Protein chains: 2
Amino acid sequence: MNDTQQVMAHFEATCRAHGLKLTHQRMEIYRMLLQSTEHPSAETLHKQLATRLPTLSLDTVYRTLATFEELGLVKRVETMSSQARFEAVIDQHHHFFCDQCGKLIDFHWHLFDSMGLPESLQTVGRIRNKNVVVHGVCDQCLSGEKSRS
Amino acid sequence: MNDTQQVMAHFEATCRAHGLKLTHQRMEIYRMLLQSTEHPSAETLHKQLATRLPTLSLDTVYRTLATFEELGLVKRVETMSSQARFEAVIDQHHHFFCDQCGKLIDFHWHLFDSMGLPESLQTVGRIRNKNVVVHGVCDQCLSGEKSRS
DNA sequence: TAGGAGTTAAGAATAAATCTTATTTGATGT
DNA sequence: ACATCAAATAAGATTTATTCTTAACTCCTA
Ligand SMILES: [Mn+2]
Ligand SMILES: [Mn+2]
Ligand SMILES: [Zn+2]
Ligand SMILES: [Zn+2]
């Protein structure tokens with residue numbers, strides 16, 4: 001749980017370390033993703049940034065997110081929704097996905113994180129990470145309060 | 001581990017129960033998916049069926065897979081590849097995904113399956129299922145034997 | 001503060017999936 | 001076997017998400 005200042009400093013350091021220019025667009029996209037808790041799509045981000053960067057192109061959002069992903073600053077969330085969903089890389093966590101409205105909810109599961117993988121996986125190759133995806137219907141959808149966003 | 005005859009019988013029964021016609025296309029698509037171990041995309045399936053059903057349209061593959069998914073006969077696999085990947089619904093299992101070539105490998109993890117979810121998830125809504133997705137690089141890719149399919 | 005590599009905006013292009021419509025087919029009853 | 005017809009399909013158009021192309025722009029360094 002770093003404070004925003006520190007995270008932004010790390011962001012800038014990472015960009016510099018990779019010879020990337022600190023453009024207004026990159027700063028704002030990253031900042032927006034940091035603030036967000038909703039795992040936005042590129043399109044959602046683009047809309048949310050419209051006020052601050054009225055000329056920002058959707059392509060730049062996609063391109064920038066891909067760049068950040070390569071630097072390990074951003075993750076693409078495991079989901080089957082048609083649009084990709086993103087989040088700033090923070091601590092290790094997992095996701096609940098509402099099959100009805102597409103909402104993503106973070107949760108932590110230390111017991112799982114500390115478990116070793118089953119034997120059968122020892123031979124498949126190099127393992128990078130393991131994640132849990134829980135599917136279901138969120139509370140709001142159950143109570144019929146909210147329609148598909 | 002049902003034998004194919006039995007599974008096909010169950011398939012036909014399910015279709016009938018839902019008032020679906022047993023078309024040549026539906027039979028062949030389902031049979032092909034049953035045989036397959038590679039979690040094919042709609043396009044891959046379409047190509048593989050070209051010999052048996054030369055006039056089969058890609059749209060029918062998509063439409064049929066969607067129908068089967070609704071009946072619970074087919075699952076869309078959790079993956080971030082651009083094309084959706086499918087499998088016939090069999091027993092509960094999880095997936096290793098090779099980030100390099102897109103190969104999907106099944107594995108079982110009873111210990112995980114029998115675990116309860118963390119407390120924090122008790123309040124999010126109704127839970128339908130929980131799955132593990134392991135990312136990494138497969139053996140073949142590590143030894144540089146196989147390029148992107 | 002000038003130069004230049006890297007970055008962006010805009011719109012074209014591509015790729016995956018879905019929709020439209022005319023034709024065909026599986027199921028049902030004869 | 002044959003007629004009927006709702007359901008399903010083939011073909012191709014369309015939509016949607018994402019990526020590419022290119023000319024203009026902007027951060028960085030000297
Ligand atoms: Mn998250
Ligand atoms: Mn599988
Ligand atoms: Zn919901
Ligand atoms: Zn591989």
# chains A, B, ... in the order shown; residues from 1 in each chain; ligands from 1

$ residues_near_ligand --ligand "ligand 2" --cutoff "10 Å" --atoms "only C-alpha atoms (C1' of nucleotides) and all ligand atoms" --output "ChimeraX atom specification"
/B:37-39,75-78,85-96,104-108

$ residues_near_ligand --ligand "ligand 4" --cutoff "8 Å" --atoms "only C-alpha atoms (C1' of nucleotides) and all ligand atoms" --output "VMD selection string"
chain B and resid 98 to 103 137 to 142 146 to 148

$ write_last_selection --atoms "all heavy atoms" --output "short mmCIF file (atom, residue, chain, number, x, y, z; two decimals), in the first residue's frame"
data_model
loop_
_atom_site.label_atom_id
_atom_site.label_comp_id
_atom_site.auth_asym_id
_atom_site.auth_seq_id
_atom_site.Cartn_x
_atom_site.Cartn_y
_atom_site.Cartn_z
N CYS B 98 0.40 -21.44 -22.12
CA CYS B 98 1.73 -21.00 -22.56
C CYS B 98 1.60 -19.61 -23.19
O CYS B 98 0.96 -19.46 -24.23
CB CYS B 98 2.33 -21.98 -23.56
SG CYS B 98 3.90 -21.35 -24.24
N ASP B 99 2.23 -18.65 -22.55
CA ASP B 99 2.13 -17.25 -23.03
C ASP B 99 2.81 -17.06 -24.36
O ASP B 99 2.58 -16.07 -25.05
CB ASP B 99 2.76 -16.30 -22.00
CG ASP B 99 1.96 -16.26 -20.71
OD1 ASP B 99 0.72 -16.31 -20.78
OD2 ASP B 99 2.59 -16.18 -19.63
N GLN B 100 3.63 -18.04 -24.75
CA GLN B 100 4.38 -17.88 -25.99
C GLN B 100 3.64 -18.45 -27.20
O GLN B 100 3.48 -17.79 -28.21
CB GLN B 100 5.75 -18.53 -25.84
CG GLN B 100 6.80 -17.94 -26.76
CD GLN B 100 8.21 -18.27 -26.29
OE1 GLN B 100 8.53 -18.14 -25.09
NE2 GLN B 100 9.05 -18.71 -27.19
N CYS B 101 3.15 -19.68 -27.08
CA CYS B 101 2.51 -20.32 -28.24
C CYS B 101 1.00 -20.49 -28.06
O CYS B 101 0.32 -20.91 -28.99
CB CYS B 101 3.15 -21.67 -28.53
SG CYS B 101 2.77 -22.94 -27.32
N GLY B 102 0.49 -20.17 -26.88
CA GLY B 102 -0.96 -20.25 -26.68
C GLY B 102 -1.47 -21.64 -26.37
O GLY B 102 -2.68 -21.85 -26.28
N LYS B 103 -0.56 -22.59 -26.19
CA LYS B 103 -1.01 -23.95 -25.87
C LYS B 103 -1.69 -23.99 -24.51
O LYS B 103 -1.28 -23.31 -23.57
CB LYS B 103 0.20 -24.90 -25.89
CG LYS B 103 -0.19 -26.33 -25.55
CD LYS B 103 0.81 -27.36 -26.02
CE LYS B 103 2.24 -27.08 -25.57
NZ LYS B 103 3.14 -28.19 -25.91
N VAL B 137 5.66 -20.66 -19.75
CA VAL B 137 6.13 -21.01 -21.09
C VAL B 137 6.27 -22.52 -21.12
O VAL B 137 6.90 -23.11 -20.24
CB VAL B 137 7.49 -20.34 -21.39
CG1 VAL B 137 7.95 -20.70 -22.80
CG2 VAL B 137 7.39 -18.83 -21.24
N CYS B 138 5.68 -23.14 -22.13
CA CYS B 138 5.66 -24.60 -22.18
C CYS B 138 7.02 -25.16 -22.55
O CYS B 138 7.89 -24.45 -23.05
CB CYS B 138 4.60 -25.09 -23.15
SG CYS B 138 5.06 -24.98 -24.88
N ASP B 139 7.17 -26.44 -22.31
CA ASP B 139 8.43 -27.15 -22.55
C ASP B 139 8.92 -26.98 -23.98
O ASP B 139 10.08 -26.65 -24.22
CB ASP B 139 8.23 -28.64 -22.28
CG ASP B 139 9.07 -29.08 -21.10
OD1 ASP B 139 9.95 -28.31 -20.71
OD2 ASP B 139 8.83 -30.18 -20.59
N GLN B 140 8.02 -27.19 -24.92
CA GLN B 140 8.38 -27.07 -26.33
C GLN B 140 8.92 -25.69 -26.65
O GLN B 140 9.92 -25.56 -27.37
CB GLN B 140 7.16 -27.36 -27.21
CG GLN B 140 6.80 -28.83 -27.24
CD GLN B 140 5.73 -29.12 -28.30
OE1 GLN B 140 4.78 -28.35 -28.41
NE2 GLN B 140 5.90 -30.19 -29.03
N CYS B 141 8.26 -24.66 -26.14
CA CYS B 141 8.72 -23.30 -26.40
C CYS B 141 10.07 -23.05 -25.75
O CYS B 141 10.93 -22.37 -26.31
CB CYS B 141 7.71 -22.27 -25.92
SG CYS B 141 6.28 -22.14 -27.01
N LEU B 142 10.27 -23.63 -24.57
CA LEU B 142 11.54 -23.45 -23.87
C LEU B 142 12.69 -24.02 -24.69
O LEU B 142 13.77 -23.43 -24.78
CB LEU B 142 11.50 -24.13 -22.50
CG LEU B 142 10.76 -23.37 -21.40
CD1 LEU B 142 10.79 -24.17 -20.11
CD2 LEU B 142 11.36 -22.00 -21.18
N LYS B 146 9.21 -25.34 -31.24
CA LYS B 146 7.95 -25.06 -31.91
C LYS B 146 7.73 -23.55 -31.95
O LYS B 146 7.90 -22.87 -30.96
CB LYS B 146 6.83 -25.73 -31.10
CG LYS B 146 5.53 -25.84 -31.85
CD LYS B 146 4.45 -26.35 -30.92
CE LYS B 146 3.12 -26.41 -31.61
NZ LYS B 146 2.04 -26.83 -30.70
N SER B 147 7.34 -23.06 -33.10
CA SER B 147 7.03 -21.64 -33.20
C SER B 147 5.55 -21.42 -33.00
O SER B 147 4.76 -22.36 -32.96
CB SER B 147 7.47 -21.09 -34.54
OG SER B 147 6.78 -21.76 -35.57
N ARG B 148 5.17 -20.19 -32.90
CA ARG B 148 3.78 -19.82 -32.71
C ARG B 148 2.88 -20.48 -33.76
O ARG B 148 3.10 -20.32 -34.94
CB ARG B 148 3.70 -18.28 -32.81
CG ARG B 148 2.33 -17.69 -32.60
CD ARG B 148 2.46 -16.23 -32.26
NE ARG B 148 2.75 -16.05 -30.84
CZ ARG B 148 1.80 -16.04 -29.91
NH1 ARG B 148 0.55 -16.21 -30.26
NH2 ARG B 148 2.10 -15.88 -28.65
#

$ interface_residues --of "chain C" --to "chain A" --cutoff "10 Å" --atoms "only C-alpha atoms (C1' of nucleotides)" --output "list in words"
DG6, DT7, DT8, DA9, DA10, DA16 and DA17 of chain C

$ write_last_selection --atoms "C-alpha atoms (C1' of nucleotides)" --output "PDB file, in the first residue's frame"
ATOM      1  C1'  DG C   6      10.580   8.929 -30.041  1.00  0.00           C
ATOM      2  C1'  DT C   7       5.628   9.753 -29.550  1.00  0.00           C
ATOM      3  C1'  DT C   8       1.200  11.077 -30.840  1.00  0.00           C
ATOM      4  C1'  DA C   9      -3.463  11.957 -33.457  1.00  0.00           C
ATOM      5  C1'  DA C  10      -6.211  10.688 -37.044  1.00  0.00           C
ATOM      6  C1'  DA C  16     -12.911 -11.702 -34.399  1.00  0.00           C
ATOM      7  C1'  DA C  17     -17.503 -12.271 -33.779  1.00  0.00           C
TER       8       DA C  17
END

$ select_by_dssp --residues "range 34-122 of chain A" --states "strand (DSSP E)" --output "list in words"
Val74, Lys75, Arg76, Phe86, Glu87, Ala88, His94, His95, Phe96, Phe97, Cys98, Leu104, Ile105, Asp106 and Phe107 of chain A

$ interface_residues --of "chain B" --to "chain A" --cutoff "6 Å" --atoms "only C-alpha atoms" --output "MDAnalysis selection string"
chainID B and resid 124:139

$ atom_distance --atom1 "CA of Ser114 in chain A" --atom2 "CA of His10 in chain A"
26.9 Å

$ decode --residues "range 7-18 of chain C" --atoms "all heavy atoms" --output "tab-separated table (two decimals), in the first residue's frame"
chain	number	residue	atom	x	y	z
C	7	DT	P	9.16	6.64	-27.03
C	7	DT	OP1	9.14	6.60	-25.55
C	7	DT	OP2	9.15	5.40	-27.82
C	7	DT	O5'	7.95	7.55	-27.51
C	7	DT	C5'	7.80	8.84	-26.90
C	7	DT	C4'	6.58	9.52	-27.45
C	7	DT	O4'	6.83	9.88	-28.83
C	7	DT	C3'	5.32	8.66	-27.46
C	7	DT	O3'	4.37	9.30	-26.62
C	7	DT	C2'	4.91	8.56	-28.92
C	7	DT	C1'	5.63	9.75	-29.55
C	7	DT	N1	6.00	9.62	-30.99
C	7	DT	C2	5.56	10.59	-31.87
C	7	DT	O2	4.87	11.53	-31.54
C	7	DT	N3	5.95	10.40	-33.17
C	7	DT	C4	6.72	9.36	-33.66
C	7	DT	O4	7.01	9.31	-34.86
C	7	DT	C5	7.16	8.39	-32.69
C	7	DT	C7	7.98	7.21	-33.11
C	7	DT	C6	6.78	8.56	-31.41
C	8	DT	P	2.92	8.72	-26.48
C	8	DT	OP1	2.46	9.12	-25.14
C	8	DT	OP2	2.91	7.30	-26.90
C	8	DT	O5'	2.13	9.58	-27.55
C	8	DT	C5'	2.10	10.99	-27.42
C	8	DT	C4'	1.38	11.60	-28.59
C	8	DT	O4'	2.11	11.29	-29.79
C	8	DT	C3'	-0.03	11.06	-28.79
C	8	DT	O3'	-0.96	12.13	-28.64
C	8	DT	C2'	-0.04	10.48	-30.21
C	8	DT	C1'	1.20	11.08	-30.84
C	8	DT	N1	1.89	10.20	-31.83
C	8	DT	C2	2.02	10.60	-33.12
C	8	DT	O2	1.59	11.67	-33.54
C	8	DT	N3	2.68	9.73	-33.94
C	8	DT	C4	3.21	8.50	-33.59
C	8	DT	O4	3.79	7.79	-34.41
C	8	DT	C5	3.03	8.12	-32.21
C	8	DT	C7	3.56	6.81	-31.72
C	8	DT	C6	2.39	8.97	-31.40
C	9	DA	P	-2.52	11.84	-28.62
C	9	DA	OP1	-3.15	12.82	-27.70
C	9	DA	OP2	-2.75	10.40	-28.45
C	9	DA	O5'	-2.92	12.24	-30.11
C	9	DA	C5'	-2.69	13.56	-30.57
C	9	DA	C4'	-3.35	13.76	-31.92
C	9	DA	O4'	-2.63	12.97	-32.92
C	9	DA	C3'	-4.80	13.33	-32.02
C	9	DA	O3'	-5.48	14.27	-32.87
C	9	DA	C2'	-4.73	11.92	-32.62
C	9	DA	C1'	-3.46	11.96	-33.46
C	9	DA	N9	-2.65	10.73	-33.46
C	9	DA	C8	-2.50	9.84	-32.44
C	9	DA	N7	-1.68	8.84	-32.71
C	9	DA	C5	-1.25	9.11	-34.01
C	9	DA	C6	-0.37	8.43	-34.88
C	9	DA	N6	0.29	7.31	-34.55
C	9	DA	N1	-0.17	8.96	-36.10
C	9	DA	C2	-0.81	10.09	-36.43
C	9	DA	N3	-1.67	10.83	-35.70
C	9	DA	C4	-1.85	10.27	-34.49
C	10	DA	P	-7.03	14.17	-33.10
C	10	DA	OP1	-7.52	15.57	-33.28
C	10	DA	OP2	-7.61	13.30	-32.07
C	10	DA	O5'	-7.13	13.43	-34.51
C	10	DA	C5'	-6.42	13.94	-35.64
C	10	DA	C4'	-6.56	12.96	-36.79
C	10	DA	O4'	-5.61	11.89	-36.63
C	10	DA	C3'	-7.95	12.32	-36.87
C	10	DA	O3'	-8.55	12.67	-38.10
C	10	DA	C2'	-7.70	10.83	-36.72
C	10	DA	C1'	-6.21	10.69	-37.04
C	10	DA	N9	-5.55	9.61	-36.32
C	10	DA	C8	-5.78	9.19	-35.05
C	10	DA	N7	-5.01	8.18	-34.66
C	10	DA	C5	-4.22	7.94	-35.77
C	10	DA	C6	-3.19	6.99	-36.00
C	10	DA	N6	-2.79	6.10	-35.10
C	10	DA	N1	-2.59	7.01	-37.21
C	10	DA	C2	-2.99	7.91	-38.12
C	10	DA	N3	-3.94	8.85	-38.01
C	10	DA	C4	-4.52	8.80	-36.80
C	11	DG	P	-10.05	12.15	-38.45
C	11	DG	OP1	-10.73	13.23	-39.17
C	11	DG	OP2	-10.65	11.56	-37.24
C	11	DG	O5'	-9.73	10.99	-39.48
C	11	DG	C5'	-8.63	11.12	-40.38
C	11	DG	C4'	-8.24	9.75	-40.86
C	11	DG	O4'	-7.50	9.04	-39.84
C	11	DG	C3'	-9.45	8.85	-41.20
C	11	DG	O3'	-9.11	8.10	-42.34
C	11	DG	C2'	-9.54	7.95	-39.98
C	11	DG	C1'	-8.06	7.75	-39.73
C	11	DG	N9	-7.72	7.17	-38.44
C	11	DG	C8	-8.31	7.37	-37.22
C	11	DG	N7	-7.76	6.67	-36.27
C	11	DG	C5	-6.73	5.97	-36.89
C	11	DG	C6	-5.78	5.06	-36.37
C	11	DG	O6	-5.65	4.66	-35.21
C	11	DG	N1	-4.92	4.58	-37.35
C	11	DG	C2	-4.98	4.94	-38.67
C	11	DG	N2	-4.08	4.39	-39.48
C	11	DG	N3	-5.85	5.80	-39.17
C	11	DG	C4	-6.70	6.27	-38.22
C	12	DA	P	-10.23	7.30	-43.17
C	12	DA	OP1	-10.68	8.19	-44.25
C	12	DA	OP2	-11.20	6.70	-42.23
C	12	DA	O5'	-9.34	6.15	-43.80
C	12	DA	C5'	-7.99	6.41	-44.16
C	12	DA	C4'	-7.20	5.12	-44.11
C	12	DA	O4'	-6.90	4.78	-42.74
C	12	DA	C3'	-7.94	3.93	-44.70
C	12	DA	O3'	-7.04	3.15	-45.46
C	12	DA	C2'	-8.46	3.19	-43.47
C	12	DA	C1'	-7.38	3.47	-42.45
C	12	DA	N9	-7.84	3.48	-41.05
C	12	DA	C8	-8.89	4.20	-40.53
C	12	DA	N7	-9.07	4.01	-39.24
C	12	DA	C5	-8.06	3.11	-38.90
C	12	DA	C6	-7.71	2.52	-37.67
C	12	DA	N6	-8.35	2.75	-36.51
C	12	DA	N1	-6.66	1.67	-37.66
C	12	DA	C2	-6.01	1.44	-38.82
C	12	DA	N3	-6.24	1.94	-40.03
C	12	DA	C4	-7.30	2.79	-40.00
C	13	DA	P	-7.50	1.74	-46.07
C	13	DA	OP1	-6.64	1.52	-47.25
C	13	DA	OP2	-8.97	1.71	-46.16
C	13	DA	O5'	-7.07	0.68	-44.96
C	13	DA	C5'	-5.71	0.59	-44.58
C	13	DA	C4'	-5.54	-0.59	-43.66
C	13	DA	O4'	-6.13	-0.28	-42.38
C	13	DA	C3'	-6.20	-1.88	-44.15
C	13	DA	O3'	-5.24	-2.91	-44.06
C	13	DA	C2'	-7.38	-2.08	-43.20
C	13	DA	C1'	-6.90	-1.38	-41.94
C	13	DA	N9	-7.95	-0.83	-41.09
C	13	DA	C8	-8.99	-0.02	-41.45
C	13	DA	N7	-9.77	0.34	-40.46
C	13	DA	C5	-9.19	-0.26	-39.35
C	13	DA	C6	-9.54	-0.27	-37.99
C	13	DA	N6	-10.59	0.39	-37.48
C	13	DA	N1	-8.76	-0.98	-37.13
C	13	DA	C2	-7.70	-1.63	-37.65
C	13	DA	N3	-7.27	-1.71	-38.91
C	13	DA	C4	-8.07	-0.99	-39.72
C	14	DT	P	-5.64	-4.38	-44.55
C	14	DT	OP1	-4.42	-4.92	-45.16
C	14	DT	OP2	-6.92	-4.32	-45.28
C	14	DT	O5'	-5.89	-5.16	-43.20
C	14	DT	C5'	-4.85	-5.16	-42.21
C	14	DT	C4'	-5.38	-5.82	-40.97
C	14	DT	O4'	-6.42	-5.01	-40.40
C	14	DT	C3'	-5.98	-7.20	-41.21
C	14	DT	O3'	-5.24	-8.07	-40.39
C	14	DT	C2'	-7.45	-7.05	-40.80
C	14	DT	C1'	-7.38	-5.87	-39.83
C	14	DT	N1	-8.58	-5.03	-39.62
C	14	DT	C2	-9.01	-4.82	-38.33
C	14	DT	O2	-8.48	-5.33	-37.36
C	14	DT	N3	-10.11	-4.01	-38.21
C	14	DT	C4	-10.78	-3.38	-39.23
C	14	DT	O4	-11.75	-2.67	-38.98
C	14	DT	C5	-10.28	-3.64	-40.57
C	14	DT	C7	-10.95	-3.00	-41.73
C	14	DT	C6	-9.22	-4.44	-40.69
C	15	DA	P	-5.51	-9.64	-40.48
C	15	DA	OP1	-4.21	-10.28	-40.24
C	15	DA	OP2	-6.30	-9.93	-41.70
C	15	DA	O5'	-6.43	-9.89	-39.22
C	15	DA	C5'	-6.07	-9.31	-37.97
C	15	DA	C4'	-7.04	-9.77	-36.92
C	15	DA	O4'	-8.17	-8.87	-36.91
C	15	DA	C3'	-7.62	-11.17	-37.17
C	15	DA	O3'	-7.73	-11.82	-35.93
C	15	DA	C2'	-8.97	-10.89	-37.81
C	15	DA	C1'	-9.36	-9.57	-37.14
C	15	DA	N9	-10.19	-8.71	-37.96
C	15	DA	C8	-10.17	-8.54	-39.31
C	15	DA	N7	-11.04	-7.66	-39.75
C	15	DA	C5	-11.66	-7.22	-38.61
C	15	DA	C6	-12.68	-6.28	-38.38
C	15	DA	N6	-13.26	-5.58	-39.35
C	15	DA	N1	-13.08	-6.07	-37.11
C	15	DA	C2	-12.49	-6.77	-36.12
C	15	DA	N3	-11.52	-7.68	-36.21
C	15	DA	C4	-11.15	-7.85	-37.49
C	16	DA	P	-8.37	-13.30	-35.89
C	16	DA	OP1	-7.47	-14.11	-35.06
C	16	DA	OP2	-8.76	-13.72	-37.26
C	16	DA	O5'	-9.70	-13.01	-35.07
C	16	DA	C5'	-9.59	-12.50	-33.75
C	16	DA	C4'	-10.97	-12.23	-33.22
C	16	DA	O4'	-11.61	-11.27	-34.08
C	16	DA	C3'	-11.86	-13.46	-33.19
C	16	DA	O3'	-12.43	-13.53	-31.89
C	16	DA	C2'	-12.89	-13.22	-34.28
C	16	DA	C1'	-12.91	-11.70	-34.40
C	16	DA	N9	-13.19	-11.16	-35.73
C	16	DA	C8	-12.64	-11.53	-36.93
C	16	DA	N7	-13.08	-10.84	-37.96
C	16	DA	C5	-13.99	-9.97	-37.39
C	16	DA	C6	-14.80	-8.96	-37.95
C	16	DA	N6	-14.83	-8.68	-39.24
C	16	DA	N1	-15.59	-8.26	-37.09
C	16	DA	C2	-15.55	-8.54	-35.79
C	16	DA	N3	-14.83	-9.46	-35.16
C	16	DA	C4	-14.07	-10.14	-36.02
C	17	DA	P	-13.42	-14.75	-31.52
C	17	DA	OP1	-13.31	-14.93	-30.07
C	17	DA	OP2	-13.18	-15.88	-32.43
C	17	DA	O5'	-14.83	-14.14	-31.84
C	17	DA	C5'	-15.21	-12.95	-31.15
C	17	DA	C4'	-16.50	-12.44	-31.72
C	17	DA	O4'	-16.31	-12.04	-33.09
C	17	DA	C3'	-17.65	-13.44	-31.71
C	17	DA	O3'	-18.66	-12.89	-30.87
C	17	DA	C2'	-18.06	-13.56	-33.18
C	17	DA	C1'	-17.50	-12.27	-33.78
C	17	DA	N9	-17.15	-12.32	-35.19
C	17	DA	C8	-16.30	-13.19	-35.81
C	17	DA	N7	-16.16	-12.97	-37.11
C	17	DA	C5	-16.98	-11.88	-37.34
C	17	DA	C6	-17.29	-11.16	-38.52
C	17	DA	N6	-16.76	-11.45	-39.72
C	17	DA	N1	-18.14	-10.12	-38.40
C	17	DA	C2	-18.66	-9.84	-37.19
C	17	DA	N3	-18.46	-10.44	-36.02
C	17	DA	C4	-17.60	-11.46	-36.17
C	18	DT	P	-20.05	-13.57	-30.70
C	18	DT	OP1	-20.45	-13.27	-29.31
C	18	DT	OP2	-19.98	-14.95	-31.21
C	18	DT	O5'	-21.01	-12.74	-31.68
C	18	DT	C5'	-21.04	-11.33	-31.56
C	18	DT	C4'	-21.91	-10.77	-32.66
C	18	DT	O4'	-21.29	-11.00	-33.95
C	18	DT	C3'	-23.30	-11.39	-32.73
C	18	DT	O3'	-24.22	-10.32	-32.67
C	18	DT	C2'	-23.30	-12.14	-34.07
C	18	DT	C1'	-22.30	-11.33	-34.87
C	18	DT	N1	-21.61	-11.99	-36.01
C	18	DT	C2	-21.69	-11.43	-37.26
C	18	DT	O2	-22.32	-10.42	-37.50
C	18	DT	N3	-21.00	-12.10	-38.22
C	18	DT	C4	-20.26	-13.25	-38.09
C	18	DT	O4	-19.66	-13.75	-39.05
C	18	DT	C5	-20.21	-13.79	-36.75
C	18	DT	C7	-19.42	-15.04	-36.49
C	18	DT	C6	-20.88	-13.16	-35.79
